[in-house]
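Okay, target-v6.cif is below, mmCIF, C-alpha atoms:
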```cif
data_upload
#
loop_
_atom_site.label_atom_id
_atom_site.label_comp_id
_atom_site.auth_asym_id
_atom_site.auth_seq_id
_atom_site.Cartn_x
_atom_site.Cartn_y
_atom_site.Cartn_z
CA ASP A 1 -6.46 15.69 13.50
CA ALA A 2 -6.76 12.22 11.99
CA LYS A 3 -9.42 13.34 9.40
CA THR A 4 -11.17 9.96 9.68
CA THR A 5 -13.82 8.35 11.86
CA GLN A 6 -13.82 4.64 12.61
CA PRO A 7 -15.79 2.46 15.02
CA THR A 8 -13.88 1.75 18.19
CA SER A 9 -14.23 -2.01 17.96
CA MET A 10 -15.72 -4.82 15.89
CA ASP A 11 -16.03 -8.59 16.15
CA CYS A 12 -15.90 -11.10 13.34
CA ALA A 13 -16.22 -14.88 13.22
CA GLU A 14 -13.27 -16.80 11.83
CA GLY A 15 -13.73 -17.58 8.14
CA ARG A 16 -16.24 -14.80 7.60
CA ALA A 17 -15.60 -11.51 5.83
CA ALA A 18 -14.60 -8.61 8.03
CA ASN A 19 -15.88 -5.27 6.75
CA LEU A 20 -14.26 -2.29 8.44
CA PRO A 21 -15.82 1.10 7.67
CA CYS A 22 -14.16 4.49 7.64
CA ASN A 23 -15.66 7.93 7.19
CA HIS A 24 -13.55 10.69 5.66
CA SER A 25 -16.08 13.33 4.65
CA THR A 26 -13.49 16.14 4.35
CA ILE A 27 -11.15 14.26 2.01
CA SER A 28 -9.68 16.42 -0.73
CA GLY A 29 -9.05 15.49 -4.35
CA ASN A 30 -5.37 14.65 -4.04
CA GLU A 31 -5.60 12.67 -0.79
CA TYR A 32 -5.30 8.91 -0.74
CA VAL A 33 -6.97 6.50 1.69
CA TYR A 34 -4.42 4.26 3.40
CA TRP A 35 -5.06 1.30 5.67
CA TYR A 36 -2.58 -0.06 8.19
CA ARG A 37 -2.99 -2.55 10.98
CA GLN A 38 -1.10 -3.14 14.19
CA ILE A 39 -1.04 -6.50 15.85
CA HIS A 40 -0.40 -6.25 19.58
CA SER A 41 3.10 -4.94 20.40
CA GLN A 42 4.27 -5.06 16.79
CA GLY A 43 4.97 -2.32 14.26
CA PRO A 44 2.12 -1.15 12.01
CA GLN A 45 1.73 -3.16 8.83
CA TYR A 46 0.73 -1.57 5.53
CA ILE A 47 -2.36 -3.20 4.03
CA ILE A 48 -3.61 -1.26 1.03
CA HIS A 49 -4.29 2.22 -0.30
CA GLY A 50 -6.41 3.85 -3.00
CA LEU A 51 -7.48 7.15 -4.49
CA LYS A 52 -10.92 6.61 -6.01
CA ASN A 53 -11.01 3.20 -7.65
CA ASN A 54 -11.55 0.03 -5.68
CA GLU A 55 -8.34 -1.83 -4.99
CA THR A 56 -7.53 -5.44 -4.19
CA ASN A 57 -4.33 -7.17 -3.16
CA GLU A 58 -3.39 -10.42 -1.47
CA MET A 59 -4.37 -9.09 1.94
CA ALA A 60 -7.59 -7.18 1.43
CA SER A 61 -9.95 -5.20 -0.76
CA LEU A 62 -10.62 -1.49 -0.46
CA ILE A 63 -13.99 -0.15 -1.55
CA ILE A 64 -14.20 3.64 -1.88
CA THR A 65 -17.59 5.29 -2.39
CA GLU A 66 -18.11 7.35 -5.51
CA ASP A 67 -18.11 10.63 -3.55
CA ARG A 68 -14.94 9.40 -1.70
CA LYS A 69 -16.40 10.37 1.65
CA SER A 70 -16.19 6.88 3.03
CA SER A 71 -14.49 3.57 2.42
CA THR A 72 -14.58 -0.04 3.59
CA LEU A 73 -11.68 -2.40 4.11
CA ILE A 74 -12.68 -5.99 3.46
CA LEU A 75 -10.78 -9.00 4.77
CA PRO A 76 -12.53 -11.73 2.77
CA HIS A 77 -11.87 -14.67 5.09
CA ALA A 78 -10.81 -13.45 8.52
CA THR A 79 -8.46 -15.60 10.59
CA LEU A 80 -7.50 -15.38 14.23
CA ARG A 81 -4.21 -13.78 13.14
CA ASP A 82 -6.18 -10.86 11.70
CA THR A 83 -7.03 -9.72 15.23
CA ALA A 84 -5.46 -6.26 15.38
CA VAL A 85 -6.12 -2.54 15.45
CA TYR A 86 -6.93 -1.28 11.96
CA TYR A 87 -6.13 2.32 11.04
CA CYS A 88 -7.73 4.26 8.19
CA ILE A 89 -5.59 7.26 7.24
CA VAL A 90 -6.26 9.99 4.69
CA ARG A 91 -3.25 11.83 3.38
CA ASP A 92 -1.27 13.04 0.42
CA ASN A 93 2.46 12.53 0.29
CA THR A 94 3.17 15.90 1.88
CA ASP A 95 1.18 15.01 5.01
CA LYS A 96 2.39 13.31 8.10
CA LEU A 97 1.08 9.79 8.60
CA ILE A 98 -1.32 10.48 11.47
CA PHE A 99 -2.62 7.44 13.29
CA GLY A 100 -5.88 7.89 15.16
CA THR A 101 -7.30 5.34 17.55
CA GLY A 102 -8.41 2.92 14.82
CA THR A 103 -10.81 -0.03 15.01
CA ARG A 104 -9.94 -2.93 17.25
CA LEU A 105 -10.99 -6.05 15.30
CA GLN A 106 -11.42 -9.21 17.33
CA VAL A 107 -11.72 -12.40 15.29
CA PHE A 108 -13.23 -15.22 17.30
CA PRO A 109 -13.29 -18.98 16.61
CA GLU B 1 9.26 -9.25 7.40
CA THR B 2 8.88 -5.71 6.08
CA GLY B 3 12.51 -5.06 5.14
CA VAL B 4 12.98 -2.74 8.13
CA THR B 5 14.89 -4.12 11.09
CA GLN B 6 15.36 -2.63 14.54
CA THR B 7 17.74 -3.47 17.34
CA PRO B 8 17.51 -4.07 20.17
CA ARG B 9 13.95 -5.35 20.38
CA HIS B 10 13.82 -4.74 24.12
CA LEU B 11 15.83 -2.32 26.26
CA VAL B 12 15.83 -1.49 29.96
CA MET B 13 17.86 1.52 31.03
CA GLY B 14 18.35 3.75 34.00
CA MET B 15 17.79 7.48 33.86
CA THR B 16 21.53 8.18 33.81
CA ASN B 17 22.38 5.70 31.05
CA LYS B 18 23.21 6.44 27.42
CA LYS B 19 21.95 4.01 24.83
CA SER B 20 21.22 3.96 21.11
CA LEU B 21 18.46 2.41 19.05
CA LYS B 22 19.33 1.23 15.56
CA CYS B 23 17.17 0.94 12.47
CA GLU B 24 18.17 -0.47 9.09
CA GLN B 25 16.08 -0.62 5.94
CA HIS B 26 16.78 -2.99 3.06
CA LEU B 27 14.24 -1.51 0.67
CA GLY B 28 16.30 1.16 -1.09
CA HIS B 29 14.07 3.89 0.32
CA ASN B 30 15.11 7.53 0.61
CA ALA B 31 13.20 8.56 3.74
CA MET B 32 13.28 7.26 7.31
CA TYR B 33 11.23 8.05 10.39
CA TRP B 34 11.16 7.62 14.16
CA TYR B 35 7.81 7.24 15.92
CA LYS B 36 6.95 6.84 19.59
CA GLN B 37 3.97 4.82 20.84
CA SER B 38 3.18 5.14 24.51
CA ALA B 39 0.75 2.79 26.21
CA LYS B 40 -2.81 3.22 24.98
CA LYS B 41 -1.89 6.24 22.83
CA PRO B 42 -1.69 6.70 19.06
CA LEU B 43 1.66 6.73 17.32
CA GLU B 44 3.48 10.07 17.51
CA LEU B 45 5.91 11.14 14.80
CA MET B 46 9.27 12.21 16.25
CA PHE B 47 11.75 12.75 13.41
CA VAL B 48 11.82 12.60 9.62
CA TYR B 49 14.87 12.22 7.39
CA ASN B 50 14.70 12.70 3.63
CA PHE B 51 17.86 11.87 1.68
CA LYS B 52 19.76 11.82 5.00
CA GLU B 53 18.68 15.36 5.88
CA GLN B 54 16.46 15.92 8.88
CA THR B 55 13.30 17.58 7.63
CA GLU B 56 11.16 17.36 10.72
CA ASN B 57 11.66 17.45 14.46
CA ASN B 58 8.26 17.22 16.06
CA SER B 59 9.09 19.16 19.25
CA VAL B 60 11.03 16.25 20.65
CA PRO B 61 13.09 16.84 23.83
CA SER B 62 16.84 17.09 23.31
CA ARG B 63 17.43 13.93 25.35
CA PHE B 64 16.48 12.16 22.10
CA SER B 65 19.08 12.70 19.39
CA PRO B 66 18.65 11.17 15.92
CA GLU B 67 21.43 10.36 13.50
CA CYS B 68 21.16 9.30 9.87
CA PRO B 69 24.62 8.42 8.52
CA ASN B 70 23.27 7.11 5.21
CA SER B 71 19.94 6.39 3.58
CA SER B 72 19.81 2.83 4.96
CA HIS B 73 20.56 3.48 8.61
CA LEU B 74 18.92 5.54 11.32
CA PHE B 75 19.86 5.82 14.96
CA LEU B 76 18.14 7.28 17.98
CA HIS B 77 20.59 8.20 20.73
CA LEU B 78 19.11 8.30 24.20
CA HIS B 79 20.53 10.02 27.28
CA THR B 80 19.14 11.02 30.68
CA LEU B 81 15.70 9.72 29.84
CA GLN B 82 12.72 9.89 32.16
CA PRO B 83 10.36 7.08 33.17
CA GLU B 84 7.63 8.65 31.02
CA ASP B 85 9.83 8.00 27.97
CA SER B 86 9.08 4.30 28.35
CA ALA B 87 7.33 3.33 25.13
CA LEU B 88 7.52 1.38 21.89
CA TYR B 89 9.86 3.18 19.49
CA LEU B 90 9.15 2.46 15.86
CA CYS B 91 11.23 3.11 12.78
CA ALA B 92 9.76 3.36 9.31
CA SER B 93 11.03 3.97 5.80
CA SER B 94 9.46 5.05 2.53
CA GLN B 95 10.27 6.04 -1.01
CA VAL B 96 9.20 9.63 -1.45
CA GLU B 97 8.36 10.24 -5.08
CA GLY B 98 5.31 11.28 -7.02
CA ASN B 99 1.98 11.57 -5.30
CA GLN B 100 2.06 8.37 -3.27
CA GLU B 101 4.25 7.30 -0.42
CA THR B 102 3.86 4.15 1.61
CA GLN B 103 5.71 3.77 4.89
CA TYR B 104 6.95 0.39 6.04
CA PHE B 105 7.55 -0.12 9.74
CA GLY B 106 10.03 -2.13 11.70
CA PRO B 107 9.04 -4.31 14.66
CA GLY B 108 9.93 -1.64 17.20
CA THR B 109 12.11 -1.39 20.29
CA ARG B 110 10.25 -1.65 23.56
CA LEU B 111 12.02 0.68 25.99
CA LEU B 112 11.64 0.71 29.75
CA VAL B 113 13.26 3.55 31.70
CA LEU B 114 13.70 2.91 35.38
#
```
Can you dump the structure from the file as structure tokens?
Amino acid sequence: DAKTTQPTSMDCAEGRAANLPCNHSTISGNEYVYWYRQIHSQGPQYIIHGLKNNETNEMASLIITEDRKSSTLILPHATLRDTAVYYCIVRDNTDKLIFGTGTRLQVFP
Amino acid sequence: ETGVTQTPRHLVMGMTNKKSLKCEQHLGHNAMYWYKQSAKKPLELMFVYNFKEQTENNSVPSRFSPECPNSSHLFLHLHTLQPEDSALYLCASSQVEGNQETQYFGPGTRLLVL
């Protein structure tokens, strides 16, 4: 059970912000929200994670709602190389890293 | 580059062959993992090693045999595989401490069993 719900696919124009939503309504207090992505035929790549505060790094921003039941990964200026499957994963460090089916993001020119 | 390397990147083997996949992490992590990703399926965890000790075997058939000689190296020994074992095999490593743990993945070995 992946504990999260994501749209199957999304499109985004190159240069625009890509906003990828994730629902995790059963998240518990000690569980973090992790985001990974997998470009075709490559290993998953860690993007960002957070507990309850919004987080930003060189790759993306993570916005977590106040009730922590949902979050949004933001790629501020999507490029063609951001085309990938994006996985939202809820876990604490005793859990397995369970990958669901993710969101297939297609960035188009 | 994530600091996790895997060799070979591609492997074709017959069902009677014996081969090994190698993973090396250069991150100083204390945990390593093997995952399997079959076509159009989510990643499946196979094995977990913490401090060189196997802590999880996720009901993997005995034709897959892991080995972790030290905290930087992980092997997956393969023998008498079946065509349905064809998949992308991914290695990951992490530093297990505190309440957070981020896994970093290698590029994978794409295996084809004929």
### Picked residues, the PyMOL selection byres ((chain A and resi 23) around 10), as a VMD selection string
chain A and resid 3 to 7 21 to 22 24 to 27 68 to 72 88 90
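Here atom CA of B:Thr5 and atom CA of A:Leu62 stand 28.1 Å from one another.
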### Task
Give as a list in words the residues that the PyMOL selection byres ((chain A) within 8 of (chain B)) matches when applied to the coordinates above.
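Listing what the PyMOL selection byres ((chain A) within 8 of (chain B)) selects in the shown file: Tyr32, Ser41, Gln42, Gly43, Pro44, Gln45, Tyr46, Asp92, Asn93, Lys96, Leu97, Ile98, Phe99, Gly100 and Thr101 of chain A.
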Now that the selection is made, can you save its residues with C-alpha atoms as a CSV table (one decimal), in the frame of the given file?
```
chain,number,residue,atom,x,y,z
A,32,TYR,CA,-5.3,8.9,-0.7
A,41,SER,CA,3.1,-4.9,20.4
A,42,GLN,CA,4.3,-5.1,16.8
A,43,GLY,CA,5.0,-2.3,14.3
A,44,PRO,CA,2.1,-1.2,12.0
A,45,GLN,CA,1.7,-3.2,8.8
A,46,TYR,CA,0.7,-1.6,5.5
A,92,ASP,CA,-1.3,13.0,0.4
A,93,ASN,CA,2.5,12.5,0.3
A,96,LYS,CA,2.4,13.3,8.1
A,97,LEU,CA,1.1,9.8,8.6
A,98,ILE,CA,-1.3,10.5,11.5
A,99,PHE,CA,-2.6,7.4,13.3
A,100,GLY,CA,-5.9,7.9,15.2
A,101,THR,CA,-7.3,5.3,17.6
```
#### Entry: Exercise: A:Trp35 partners within 6 Å, only C-alpha atoms, chain neighbours under 6 positions left out, as JSON, numbers by chain
{"A": [47, 48, 87, 88]}
Selected residues written out, C-alpha atoms, as a PDB file, keeping the file's coordinate frame:
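Here's the written file selection-v2.pdb:
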```
ATOM      1  CA  ILE A  47      -2.360  -3.200   4.030  1.00  0.00           C
ATOM      2  CA  ILE A  48      -3.610  -1.260   1.030  1.00  0.00           C
ATOM      3  CA  TYR A  87      -6.130   2.320  11.040  1.00  0.00           C
ATOM      4  CA  CYS A  88      -7.730   4.260   8.190  1.00  0.00           C
TER       5      CYS A  88
END
```
### Query
Evaluating the PyMOL selection byres ((chain B and resi 9-18) around 7) on the displayed file yields which residues, as a ChimeraX atom specification?
/B:6-8,19,78-82,108-114
### Query
Taking into account all atoms listed in the file, which residue in the set B:Ser94, B:Ser86, B:Ser20, B:Met46 is nearest to B:Ser72?
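Under the stated criterion, the closest residue is B:Ser94.
Of the listed residues B:Asp85, B:Ser65, B:Gln25, B:Ser71, the one whose atoms come nearest to B:Glu53 is B:Ser71, with distances taken using all atoms listed in the file.
Taking atom CA of A:His49 and atom CA of B:Gln95 as the two end points, the separation is 15.1 Å.
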### Message
Counting only C-alpha atoms, which residues sit no farther than 9 Å from the position (-8.6, 7.9, -5.6) in the file's frame? I'd like them as a list in words.
### Response
Gly29, Asn30, Glu31, Tyr32, Val33, His49, Gly50, Leu51, Lys52, Asn53, Asn54, Ile64 and Arg68 of chain A
